[in-house]
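Have a look at structure.pdb below; it lists PDB, C-alpha atoms.
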ATOM      1  CA  MET E   1      -4.370  -4.539 -35.269
ATOM      2  CA  GLY E   2      -4.769  -1.023 -33.962
ATOM      3  CA  VAL E   3      -3.882   2.628 -34.545
ATOM      4  CA  VAL E   4      -2.503   5.061 -31.977
ATOM      5  CA  ARG E   5      -2.905   8.780 -32.647
ATOM      6  CA  LEU E   6       0.143  10.877 -31.815
ATOM      7  CA  ARG E   7       0.596  14.638 -31.884
ATOM      8  CA  HIS E   8       3.422  16.382 -33.724
ATOM      9  CA  ASN E   9       2.668  20.076 -33.289
ATOM     10  CA  ARG E  10      -0.638  20.500 -35.133
ATOM     11  CA  VAL E  11      -0.341  17.245 -37.047
ATOM     12  CA  SER E  12      -2.100  14.061 -35.962
ATOM     13  CA  LEU E  13       0.116  11.066 -36.745
ATOM     14  CA  ALA E  14      -1.094   7.490 -37.223
ATOM     15  CA  LEU E  15       1.087   4.812 -35.622
ATOM     16  CA  HIS E  16      -0.082   1.329 -36.635
ATOM     17  CA  GLU E  17       0.544  -1.815 -34.604
ATOM     18  CA  LEU E  18       1.115  -4.553 -37.179
ATOM     19  CA  ALA E  19       2.183  -7.335 -34.811
ATOM     20  CA  ALA E  20       1.953  -7.583 -31.047
ATOM     21  CA  GLY E  21       4.512  -9.226 -28.825
ATOM     22  CA  SER E  22       7.216  -8.671 -26.271
ATOM     23  CA  GLY E  23      10.858  -7.889 -26.849
ATOM     24  CA  PRO E  24      12.517  -5.318 -29.100
ATOM     25  CA  ALA E  25      10.238  -3.239 -31.301
ATOM     26  CA  LEU E  26      10.658  -2.680 -35.036
ATOM     27  CA  LEU E  27       9.347   0.551 -36.578
ATOM     28  CA  HIS E  28       8.592   0.533 -40.331
ATOM     29  CA  LEU E  29       9.061   3.832 -42.200
ATOM     30  CA  HIS E  30       7.497   3.962 -45.668
ATOM     31  CA  GLY E  31       8.668   5.547 -48.910
ATOM     32  CA  LEU E  32       7.611   8.811 -50.532
ATOM     33  CA  GLY E  33       3.920   8.810 -51.455
ATOM     34  CA  GLU E  34       3.327   5.495 -49.695
ATOM     35  CA  ARG E  35       1.693   4.648 -46.374
ATOM     36  CA  ALA E  36       2.054   2.148 -43.561
ATOM     37  CA  PRO E  37       1.329  -1.419 -44.723
ATOM     38  CA  ALA E  38      -1.848  -3.107 -43.516
ATOM     39  CA  ARG E  39       0.103  -6.102 -42.218
ATOM     40  CA  VAL E  40       3.694  -7.071 -41.538
ATOM     41  CA  PRO E  41       5.478  -7.303 -44.914
ATOM     42  CA  ASP E  42       6.735 -10.795 -45.687
ATOM     43  CA  ALA E  43      10.343  -9.557 -45.671
ATOM     44  CA  LEU E  44       9.970  -8.447 -42.036
ATOM     45  CA  ARG E  45       8.176 -11.484 -40.617
ATOM     46  CA  ALA E  46      11.385 -12.840 -39.100
ATOM     47  CA  TRP E  47      11.477  -9.970 -36.591
ATOM     48  CA  PRO E  48      10.976 -11.545 -33.148
ATOM     49  CA  GLY E  49       9.226  -8.659 -31.375
ATOM     50  CA  PRO E  50       6.329  -6.268 -31.979
ATOM     51  CA  VAL E  51       6.194  -4.460 -35.321
ATOM     52  CA  PHE E  52       4.835  -0.957 -35.820
ATOM     53  CA  ALA E  53       4.503   1.302 -38.857
ATOM     54  CA  LEU E  54       4.211   5.081 -38.986
ATOM     55  CA  ASP E  55       2.330   7.201 -41.501
ATOM     56  CA  PHE E  56       4.460  10.286 -42.121
ATOM     57  CA  THR E  57       2.882  13.732 -42.092
ATOM     58  CA  GLY E  58       0.747  14.144 -45.221
ATOM     59  CA  HIS E  59       0.641  10.390 -45.874
ATOM     60  CA  GLY E  60      -1.791   7.581 -45.092
ATOM     61  CA  GLU E  61      -3.982   8.258 -42.057
ATOM     62  CA  SER E  62      -1.840  11.106 -40.724
ATOM     63  CA  SER E  63      -3.207  14.595 -41.202
ATOM     64  CA  VAL E  64      -2.245  16.973 -44.003
ATOM     65  CA  PRO E  65      -0.881  20.396 -43.022
ATOM     66  CA  ARG E  66      -2.019  23.375 -45.048
ATOM     67  CA  GLY E  67       0.454  24.864 -47.496
ATOM     68  CA  GLY E  68       3.206  22.272 -47.491
ATOM     69  CA  GLY E  69       6.581  23.068 -45.933
ATOM     70  CA  TYR E  70       7.875  19.486 -45.941
ATOM     71  CA  THR E  71      11.474  18.557 -45.173
ATOM     72  CA  ALA E  72      13.098  15.274 -44.195
ATOM     73  CA  GLU E  73      13.777  16.861 -40.796
ATOM     74  CA  VAL E  74      10.037  17.385 -40.290
ATOM     75  CA  LEU E  75       9.539  13.669 -40.899
ATOM     76  CA  MET E  76      12.390  12.928 -38.502
ATOM     77  CA  ALA E  77      10.339  14.761 -35.874
ATOM     78  CA  ASP E  78       7.425  12.433 -36.762
ATOM     79  CA  VAL E  79       9.703   9.506 -35.889
ATOM     80  CA  ASP E  80      10.720  11.278 -32.691
ATOM     81  CA  ALA E  81       7.056  11.410 -31.666
ATOM     82  CA  ALA E  82       6.699   7.688 -32.379
ATOM     83  CA  LEU E  83       9.820   6.859 -30.343
ATOM     84  CA  ALA E  84       8.512   8.949 -27.448
ATOM     85  CA  HIS E  85       5.529   6.590 -27.417
ATOM     86  CA  LEU E  86       7.351   3.308 -28.123
ATOM     87  CA  GLY E  87      10.648   3.821 -26.344
ATOM     88  CA  ARG E  88      13.637   2.047 -27.862
ATOM     89  CA  ALA E  89      13.115   0.610 -31.346
ATOM     90  CA  THR E  90      14.982  -0.551 -34.415
ATOM     91  CA  LEU E  91      14.071   1.343 -37.581
ATOM     92  CA  VAL E  92      13.639  -0.119 -41.043
ATOM     93  CA  GLY E  93      13.168   2.531 -43.699
ATOM     94  CA  PHE E  94      12.237   2.228 -47.359
ATOM     95  CA  GLY E  95      13.109   4.941 -49.874
ATOM     96  CA  LEU E  96      12.489   8.312 -48.240
ATOM     97  CA  GLY E  97      11.939   6.386 -44.997
ATOM     98  CA  ALA E  98      15.535   5.127 -45.209
ATOM     99  CA  TYR E  99      16.881   8.676 -45.260
ATOM    100  CA  VAL E 100      14.617   9.654 -42.368
ATOM    101  CA  ALA E 101      15.772   6.551 -40.453
ATOM    102  CA  LEU E 102      19.376   7.712 -40.883
ATOM    103  CA  LEU E 103      18.521  11.150 -39.488
ATOM    104  CA  ALA E 104      16.678   9.619 -36.539
ATOM    105  CA  ALA E 105      19.539   7.220 -35.804
ATOM    106  CA  GLY E 106      21.930  10.146 -35.509
ATOM    107  CA  GLY E 107      19.472  12.494 -33.836
ATOM    108  CA  ARG E 108      18.119  10.062 -31.235
ATOM    109  CA  PRO E 109      20.900   7.491 -30.712
ATOM    110  CA  PRO E 110      19.771   6.365 -27.217
ATOM    111  CA  LEU E 111      16.364   5.363 -28.595
ATOM    112  CA  VAL E 112      17.247   4.021 -32.056
ATOM    113  CA  ARG E 113      18.678   0.516 -31.646
ATOM    114  CA  GLY E 114      19.933   0.293 -35.201
ATOM    115  CA  ALA E 115      18.567   1.450 -38.558
ATOM    116  CA  ILE E 116      18.155  -0.579 -41.740
ATOM    117  CA  LEU E 117      18.123   1.381 -45.012
ATOM    118  CA  CYS E 118      16.266  -0.174 -47.969
ATOM    119  CA  ASP E 119      15.239   0.746 -51.505
ATOM    120  CA  GLY E 120      11.960   2.506 -52.158
ATOM    121  CA  PRO E 121      10.325   5.653 -53.561
ATOM    122  CA  GLY E 122      12.161   8.870 -52.768
ATOM    123  CA  LEU E 123      15.484   7.284 -51.816
ATOM    124  CA  ALA E 124      17.579   9.595 -54.009
ATOM    125  CA  GLY E 125      15.942  12.913 -53.193
ATOM    126  CA  GLY E 126      17.223  15.943 -55.055
ATOM    127  CA  SER E 127      20.675  17.037 -56.079
ATOM    128  CA  ALA E 128      23.389  17.384 -53.477
ATOM    129  CA  ARG E 129      23.332  21.123 -54.279
ATOM    130  CA  PRO E 130      20.452  23.597 -54.443
ATOM    131  CA  GLY E 131      19.048  24.018 -57.921
ATOM    132  CA  THR E 132      17.179  26.827 -59.667
ATOM    133  CA  PRO E 133      14.394  28.167 -57.407
ATOM    134  CA  GLN E 134      10.974  26.959 -58.541
ATOM    135  CA  ILE E 135       7.432  27.286 -57.302
ATOM    136  CA  ALA E 136       5.491  24.117 -58.098
ATOM    137  CA  LEU E 137       1.846  23.942 -57.084
ATOM    138  CA  PRO E 138      -0.299  20.798 -56.773
ATOM    139  CA  GLU E 139      -3.470  20.272 -58.741
ATOM    140  CA  PRO E 140      -6.413  22.299 -57.369
ATOM    141  CA  GLY E 141      -8.694  20.293 -55.128
ATOM    142  CA  ALA E 142      -6.126  17.553 -54.411
ATOM    143  CA  VAL E 143      -6.422  17.124 -50.643
ATOM    144  CA  ALA E 144      -6.374  13.381 -49.922
ATOM    145  CA  PRO E 145      -3.076  11.830 -48.792
ATOM    146  CA  PRO E 146      -0.453  11.643 -50.049
ATOM    147  CA  ASP E 147      -0.301  15.407 -49.975
ATOM    148  CA  PRO E 148       0.832  16.702 -53.407
ATOM    149  CA  PHE E 149       3.030  19.261 -51.630
ATOM    150  CA  ALA E 150       4.852  16.378 -49.914
ATOM    151  CA  LEU E 151       5.474  14.680 -53.258
ATOM    152  CA  LEU E 152       6.810  17.884 -54.790
ATOM    153  CA  GLU E 153       8.982  19.041 -51.908
ATOM    154  CA  LEU E 154      10.385  15.774 -50.593
ATOM    155  CA  ALA E 155      11.315  14.495 -54.055
ATOM    156  CA  SER E 156      13.745  17.396 -54.460
ATOM    157  CA  ASP E 157      15.123  17.910 -50.934
ATOM    158  CA  VAL E 158      18.863  18.550 -50.888
ATOM    159  CA  ARG E 159      20.956  15.743 -49.341
ATOM    160  CA  PRO E 160      24.670  16.572 -49.248
ATOM    161  CA  PRO E 161      26.786  13.473 -48.572
ATOM    162  CA  ASP E 162      28.744  15.206 -45.787
ATOM    163  CA  TYR E 163      25.482  16.090 -44.047
ATOM    164  CA  ALA E 164      24.337  12.463 -44.184
ATOM    165  CA  SER E 165      27.745  11.288 -42.960
ATOM    166  CA  SER E 166      27.508  13.547 -39.909
ATOM    167  CA  PHE E 167      24.437  11.604 -38.755
ATOM    168  CA  VAL E 168      26.307   8.322 -39.169
ATOM    169  CA  ARG E 169      29.064   9.625 -36.887
ATOM    170  CA  GLN E 170      26.551  10.754 -34.283
ATOM    171  CA  ALA E 171      24.871   7.342 -34.348
ATOM    172  CA  THR E 172      28.215   5.559 -34.082
ATOM    173  CA  HIS E 173      29.643   7.658 -31.260
ATOM    174  CA  LEU E 174      26.510   8.159 -29.164
ATOM    175  CA  SER E 175      24.492   4.945 -29.538
ATOM    176  CA  GLY E 176      27.090   2.570 -28.137
ATOM    177  CA  LEU E 177      26.475   0.262 -31.095
ATOM    178  CA  GLU E 178      29.388  -1.063 -33.121
ATOM    179  CA  ARG E 179      27.161  -1.262 -36.193
ATOM    180  CA  PRO E 180      24.301   1.215 -35.915
ATOM    181  CA  LEU E 181      23.429   1.192 -39.625
ATOM    182  CA  SER E 182      22.860  -1.509 -42.238
ATOM    183  CA  VAL E 183      22.428  -0.640 -45.912
ATOM    184  CA  CYS E 184      20.268  -3.073 -47.896
ATOM    185  CA  ALA E 185      19.462  -0.678 -50.745
ATOM    186  CA  ARG E 186      20.687  -1.461 -54.255
ATOM    187  CA  GLU E 187      20.270   2.131 -55.416
ATOM    188  CA  ARG E 188      23.226   4.240 -54.320
ATOM    189  CA  PRO E 189      22.598   8.008 -54.498
ATOM    190  CA  ASP E 190      25.505  10.235 -53.468
ATOM    191  CA  TRP E 191      24.327  10.641 -49.883
ATOM    192  CA  LEU E 192      24.161   6.866 -49.420
ATOM    193  CA  VAL E 193      27.623   6.408 -50.927
ATOM    194  CA  GLY E 194      28.849   8.826 -48.255
ATOM    195  CA  VAL E 195      27.075   6.815 -45.557
ATOM    196  CA  LEU E 196      28.662   3.566 -46.745
ATOM    197  CA  ALA E 197      32.129   5.108 -46.521
ATOM    198  CA  GLU E 198      31.758   5.619 -42.759
ATOM    199  CA  PRO E 199      32.903   3.088 -40.121
ATOM    200  CA  GLY E 200      30.036   1.232 -38.469
ATOM    201  CA  VAL E 201      28.022   0.843 -41.680
ATOM    202  CA  GLU E 202      27.678  -2.468 -43.486
ATOM    203  CA  ALA E 203      26.031  -3.353 -46.784
ATOM    204  CA  CYS E 204      24.082  -6.600 -46.480
ATOM    205  CA  GLU E 205      20.843  -8.373 -47.320
ATOM    206  CA  LEU E 206      17.698  -7.469 -45.395
ATOM    207  CA  GLU E 207      17.398 -10.895 -43.767
ATOM    208  CA  SER E 208      20.926 -10.621 -42.372
ATOM    209  CA  ALA E 209      20.340  -7.045 -41.179
ATOM    210  CA  LEU E 210      17.143  -8.004 -39.339
ATOM    211  CA  ALA E 211      18.861 -10.927 -37.611
ATOM    212  CA  HIS E 212      21.796  -8.770 -36.525
ATOM    213  CA  HIS E 213      19.764  -5.880 -35.151
ATOM    214  CA  ALA E 214      17.239  -8.173 -33.441
ATOM    215  CA  GLN E 215      20.096  -9.866 -31.619
ATOM    216  CA  VAL E 216      21.659  -6.555 -30.597
ATOM    217  CA  ALA E 217      18.316  -5.140 -29.404
ATOM    218  CA  ALA E 218      17.516  -8.307 -27.435
ATOM    219  CA  ARG E 219      20.883  -8.153 -25.634
ATOM    220  CA  ALA E 220      20.314  -4.503 -24.720
ATOM    221  CA  ALA E 221      16.879  -5.308 -23.287
ATOM    222  CA  ARG E 222      18.209  -7.894 -20.809
TER     223      ARG E 222
END
As structure tokens, what does this structure read like?
Amino acid sequence: MGVVRLRHNRVSLALHELAAGSGPALLHLHGLGERAPARVPDALRAWPGPVFALDFTGHGESSVPRGGGYTAEVLMADVDAALAHLGRATLVGFGLGAYVALLAAGGRPPLVRGAILCDGPGLAGGSARPGTPQIALPEPGAVAPPDPFALLELASDVRPPDYASSFVRQATHLSGLERPLSVCARERPDWLVGVLAEPGVEACELESALAHHAQVAARAAR
């Protein structure tokens, strides 16, 4: 329907409006190497308000920084820029986007009205501990999104379970939500197992998670 250009430092981010409307907003966060969908995915059509989707740095229509330097926290700042434009929103993340949604829920609890974590590319990330240092370079001349540096660096980012759990606690204590996070992913890397062990997190189907968070967001908007 339309694309809004947002600035995150020197990066130009593409925020796509997939469905207009009033009421609580839903922000779609894609997986590693993917991009914002062209239309509302069928699984999200039950959402009652406007639906947006963000292209992360180095993906889709967002710009590609020179030389890499990607971390999940950089992508969390992308989400922060989107929330500054949208205001309060519920996040639904797929793969890497699920991990970024968790970070945003803990880092911006007043603005994130619940986060739904789903399967997708890049969900597992790297080991919970740093591995042997490596320098991996993309193919020469590869400049179109997704940025090869993003694929290399974000596929191996370290995600300790206790680090992930700390963001759950921040979301639980600071958002005012009894259930700030819903896990719909079938894959269960160590960091997600740690998330599921925290109070305020429930494993459920996507349809149920959308209905719950839409209801909570609608009540908060009254």
Next item on the list: List every protein, DNA or RNA residue with an atom no more than 8 Å from (18.7, -4.7, -36.7) in the file's coordinates, counting all atoms listed in the file, and format the result as a list in words.
Entry: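 Protein and nucleic acid residues near the point are Thr90, Leu91, Arg113, Gly114, Ala115, Ile116, Ser182, Ala209, Leu210, Ala211, His212, His213, Ala214, Gln215, Val216 and Ala217 of chain E.
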Check: From the set E:Val168, E:Val201, E:Leu152, E:Leu206, which residue has the shortest atom-to-atom contact distance to E:Gly68, counting all atoms listed in the file?
Finding: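 Closest to E:Gly68 of all the choices is E:Leu152.
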So that each row is one residue of stretch 55-156 of chain E with an atom at most 9 Å from stretch 25-35 of chain E, can you give its shortest atom pair and the distance in Å to one decimal, using all atoms listed in the file, rows by chain and rising number, as JSON lines?
{"residue": "E:Asp55", "atom": "CA", "partner": "E:Arg35", "partner_atom": "CA", "distance": 5.5}
{"residue": "E:Phe56", "atom": "CA", "partner": "E:Arg35", "partner_atom": "CA", "distance": 7.6}
{"residue": "E:Gly58", "atom": "CA", "partner": "E:Gly33", "partner_atom": "CA", "distance": 8.8}
{"residue": "E:His59", "atom": "CA", "partner": "E:Arg35", "partner_atom": "CA", "distance": 5.9}
{"residue": "E:Gly60", "atom": "CA", "partner": "E:Arg35", "partner_atom": "CA", "distance": 4.7}
{"residue": "E:Glu61", "atom": "CA", "partner": "E:Arg35", "partner_atom": "CA", "distance": 8.0}
{"residue": "E:Val79", "atom": "CA", "partner": "E:Leu29", "partner_atom": "CA", "distance": 8.5}
{"residue": "E:Ala82", "atom": "CA", "partner": "E:Leu27", "partner_atom": "CA", "distance": 8.7}
{"residue": "E:Leu83", "atom": "CA", "partner": "E:Leu27", "partner_atom": "CA", "distance": 8.9}
{"residue": "E:Leu86", "atom": "CA", "partner": "E:Ala25", "partner_atom": "CA", "distance": 7.8}
{"residue": "E:Gly87", "atom": "CA", "partner": "E:Ala25", "partner_atom": "CA", "distance": 8.6}
{"residue": "E:Arg88", "atom": "CA", "partner": "E:Ala25", "partner_atom": "CA", "distance": 7.2}
{"residue": "E:Ala89", "atom": "CA", "partner": "E:Ala25", "partner_atom": "CA", "distance": 4.8}
{"residue": "E:Thr90", "atom": "CA", "partner": "E:Leu26", "partner_atom": "CA", "distance": 4.9}
{"residue": "E:Leu91", "atom": "CA", "partner": "E:Leu27", "partner_atom": "CA", "distance": 4.9}
{"residue": "E:Val92", "atom": "CA", "partner": "E:His28", "partner_atom": "CA", "distance": 5.1}
{"residue": "E:Gly93", "atom": "CA", "partner": "E:Leu29", "partner_atom": "CA", "distance": 4.6}
{"residue": "E:Phe94", "atom": "CA", "partner": "E:Gly31", "partner_atom": "CA", "distance": 5.1}
{"residue": "E:Gly95", "atom": "CA", "partner": "E:Gly31", "partner_atom": "CA", "distance": 4.6}
{"residue": "E:Leu96", "atom": "CA", "partner": "E:Gly31", "partner_atom": "CA", "distance": 4.8}
{"residue": "E:Gly97", "atom": "CA", "partner": "E:Leu29", "partner_atom": "CA", "distance": 4.8}
{"residue": "E:Ala98", "atom": "CA", "partner": "E:Leu29", "partner_atom": "CA", "distance": 7.3}
{"residue": "E:Val100", "atom": "CA", "partner": "E:Leu29", "partner_atom": "CA", "distance": 8.0}
{"residue": "E:Ala101", "atom": "CA", "partner": "E:Leu29", "partner_atom": "CA", "distance": 7.4}
{"residue": "E:Asp119", "atom": "CA", "partner": "E:Gly31", "partner_atom": "CA", "distance": 8.5}
{"residue": "E:Gly120", "atom": "CA", "partner": "E:Gly31", "partner_atom": "CA", "distance": 5.5}
{"residue": "E:Pro121", "atom": "CA", "partner": "E:Gly31", "partner_atom": "CA", "distance": 4.9}
{"residue": "E:Gly122", "atom": "CA", "partner": "E:Leu32", "partner_atom": "CA", "distance": 5.1}
{"residue": "E:Leu123", "atom": "CA", "partner": "E:Gly31", "partner_atom": "CA", "distance": 7.6}
{"residue": "E:Pro145", "atom": "CA", "partner": "E:Gly33", "partner_atom": "CA", "distance": 8.1}
{"residue": "E:Pro146", "atom": "CA", "partner": "E:Gly33", "partner_atom": "CA", "distance": 5.4}
{"residue": "E:Asp147", "atom": "CA", "partner": "E:Gly33", "partner_atom": "CA", "distance": 8.0}
{"residue": "E:Pro148", "atom": "CA", "partner": "E:Gly33", "partner_atom": "CA", "distance": 8.7}
{"residue": "E:Ala150", "atom": "CA", "partner": "E:Gly33", "partner_atom": "CA", "distance": 7.8}
{"residue": "E:Leu151", "atom": "CA", "partner": "E:Gly33", "partner_atom": "CA", "distance": 6.3}
{"residue": "E:Leu154", "atom": "CA", "partner": "E:Leu32", "partner_atom": "CA", "distance": 7.5}
{"residue": "E:Ala155", "atom": "CA", "partner": "E:Leu32", "partner_atom": "CA", "distance": 7.6}
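With atom CA of E:Trp191 on one side and atom CA of E:Phe52 on the other, the separation reads 26.7 Å.
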Notebook entry, point to check: Using only C-alpha atoms, which of E:Arg159, E:Arg188, E:His8, E:His173 sits nearest E:Ser63?
Noted result: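 Closest to E:Ser63, using only C-alpha atoms: E:His8.
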Next item on the list: Fewer than 6 positions away in the same chain doesn't count, so skip those; otherwise give me all residues within 12 Å of E:Asp162, counting only C-alpha atoms, as a PyMOL selection string.
Entry: chain E and resi 128-129+168-169+190-198
Next item on the list: Go ahead and compute the interatomic distance for atom CA of E:Cys184 and atom CA of E:Glu73, in Å to one decimal.
Entry: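 Computing it gives 22.1 Å between the two atoms.
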Notebook entry, point to check: E:Phe167: which residues within 10 Å, counting all atoms listed in the file, same-chain residues fewer than 3 positions away excluded, as a ChimeraX atom specification?
Noted result: /E:102-109,162-164,170-173,195
Would you kindly return, as a short mmCIF file (atom, residue, chain, number, x, y, z; two decimals) with C-alpha atoms, keeping the file's coordinate frame, each protein, DNA or RNA residue with an atom no farther than 8 Å from any atom of E:Pro37, considering all atoms listed in the file and excluding same-chain residues fewer than 3 positions away?
data_model
loop_
_atom_site.label_atom_id
_atom_site.label_comp_id
_atom_site.auth_asym_id
_atom_site.auth_seq_id
_atom_site.Cartn_x
_atom_site.Cartn_y
_atom_site.Cartn_z
CA VAL E 40 3.69 -7.07 -41.54
CA PRO E 41 5.48 -7.30 -44.91
CA ALA E 53 4.50 1.30 -38.86
#
Margin query: Given the PyMOL selection byres ((chain E and resi 179) around 7) and the file above, list the residues it selects as a list of chain:residue names.
Written below: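 Output of the PyMOL selection byres ((chain E and resi 179) around 7): E:Leu177, E:Glu178, E:Pro180, E:Leu181, E:Gly200, E:Val201.
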Kindly export the residues of the current selection with C-alpha atoms, as a CSV table (one decimal), keeping the file's coordinate frame.
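Everything below was put into result.csv:
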chain,number,residue,atom,x,y,z
E,177,LEU,CA,26.5,0.3,-31.1
E,178,GLU,CA,29.4,-1.1,-33.1
E,180,PRO,CA,24.3,1.2,-35.9
E,181,LEU,CA,23.4,1.2,-39.6
E,200,GLY,CA,30.0,1.2,-38.5
E,201,VAL,CA,28.0,0.8,-41.7
Given the file shown, enumerate the residues that the PyMOL selection byres ((chain E and resi 7) around 12) captures and present them as a PDB file with C-alpha atoms, in the coordinates of the input.
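The result, stored in part-v2.pdb:
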ATOM      1  CA  VAL E   4      -2.503   5.061 -31.977  1.00  0.00           C
ATOM      2  CA  ARG E   5      -2.905   8.780 -32.647  1.00  0.00           C
ATOM      3  CA  LEU E   6       0.143  10.877 -31.815  1.00  0.00           C
ATOM      4  CA  HIS E   8       3.422  16.382 -33.724  1.00  0.00           C
ATOM      5  CA  ASN E   9       2.668  20.076 -33.289  1.00  0.00           C
ATOM      6  CA  ARG E  10      -0.638  20.500 -35.133  1.00  0.00           C
ATOM      7  CA  VAL E  11      -0.341  17.245 -37.047  1.00  0.00           C
ATOM      8  CA  SER E  12      -2.100  14.061 -35.962  1.00  0.00           C
ATOM      9  CA  LEU E  13       0.116  11.066 -36.745  1.00  0.00           C
ATOM     10  CA  ALA E  14      -1.094   7.490 -37.223  1.00  0.00           C
ATOM     11  CA  LEU E  15       1.087   4.812 -35.622  1.00  0.00           C
ATOM     12  CA  PHE E  56       4.460  10.286 -42.121  1.00  0.00           C
ATOM     13  CA  THR E  57       2.882  13.732 -42.092  1.00  0.00           C
ATOM     14  CA  SER E  62      -1.840  11.106 -40.724  1.00  0.00           C
ATOM     15  CA  SER E  63      -3.207  14.595 -41.202  1.00  0.00           C
ATOM     16  CA  ALA E  77      10.339  14.761 -35.874  1.00  0.00           C
ATOM     17  CA  ASP E  78       7.425  12.433 -36.762  1.00  0.00           C
ATOM     18  CA  VAL E  79       9.703   9.506 -35.889  1.00  0.00           C
ATOM     19  CA  ASP E  80      10.720  11.278 -32.691  1.00  0.00           C
ATOM     20  CA  ALA E  81       7.056  11.410 -31.666  1.00  0.00           C
ATOM     21  CA  ALA E  82       6.699   7.688 -32.379  1.00  0.00           C
ATOM     22  CA  ALA E  84       8.512   8.949 -27.448  1.00  0.00           C
ATOM     23  CA  HIS E  85       5.529   6.590 -27.417  1.00  0.00           C
TER      24      HIS E  85
END
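In this structure, atom CA of E:Met76 sits 9.2 Å away from atom CA of E:Tyr99.
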Note to self: Restricting the calculation to all atoms listed in the file: of E:Cys118, E:Ser22, E:Gly49, E:Ser175, which residue gets closest to E:Glu207?
What the structure shows: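 So, comparing all the options, the nearest one is E:Cys118.
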Note to self: I'd like to know which of E:Val3, E:Leu75, E:Val112, E:Ala19 is closest to E:Leu174, using only C-alpha atoms.
What the structure shows: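 Distance minimum relative to E:Leu174 lands on E:Val112.
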Next item on the list: Would you kindly return, as a ChimeraX atom specification, each protein, DNA or RNA residue with an atom no farther than 8 Å from any atom of E:Asp157, considering all atoms listed in the file and excluding same-chain residues fewer than 5 positions away?
Entry: /E:71-72,125-127
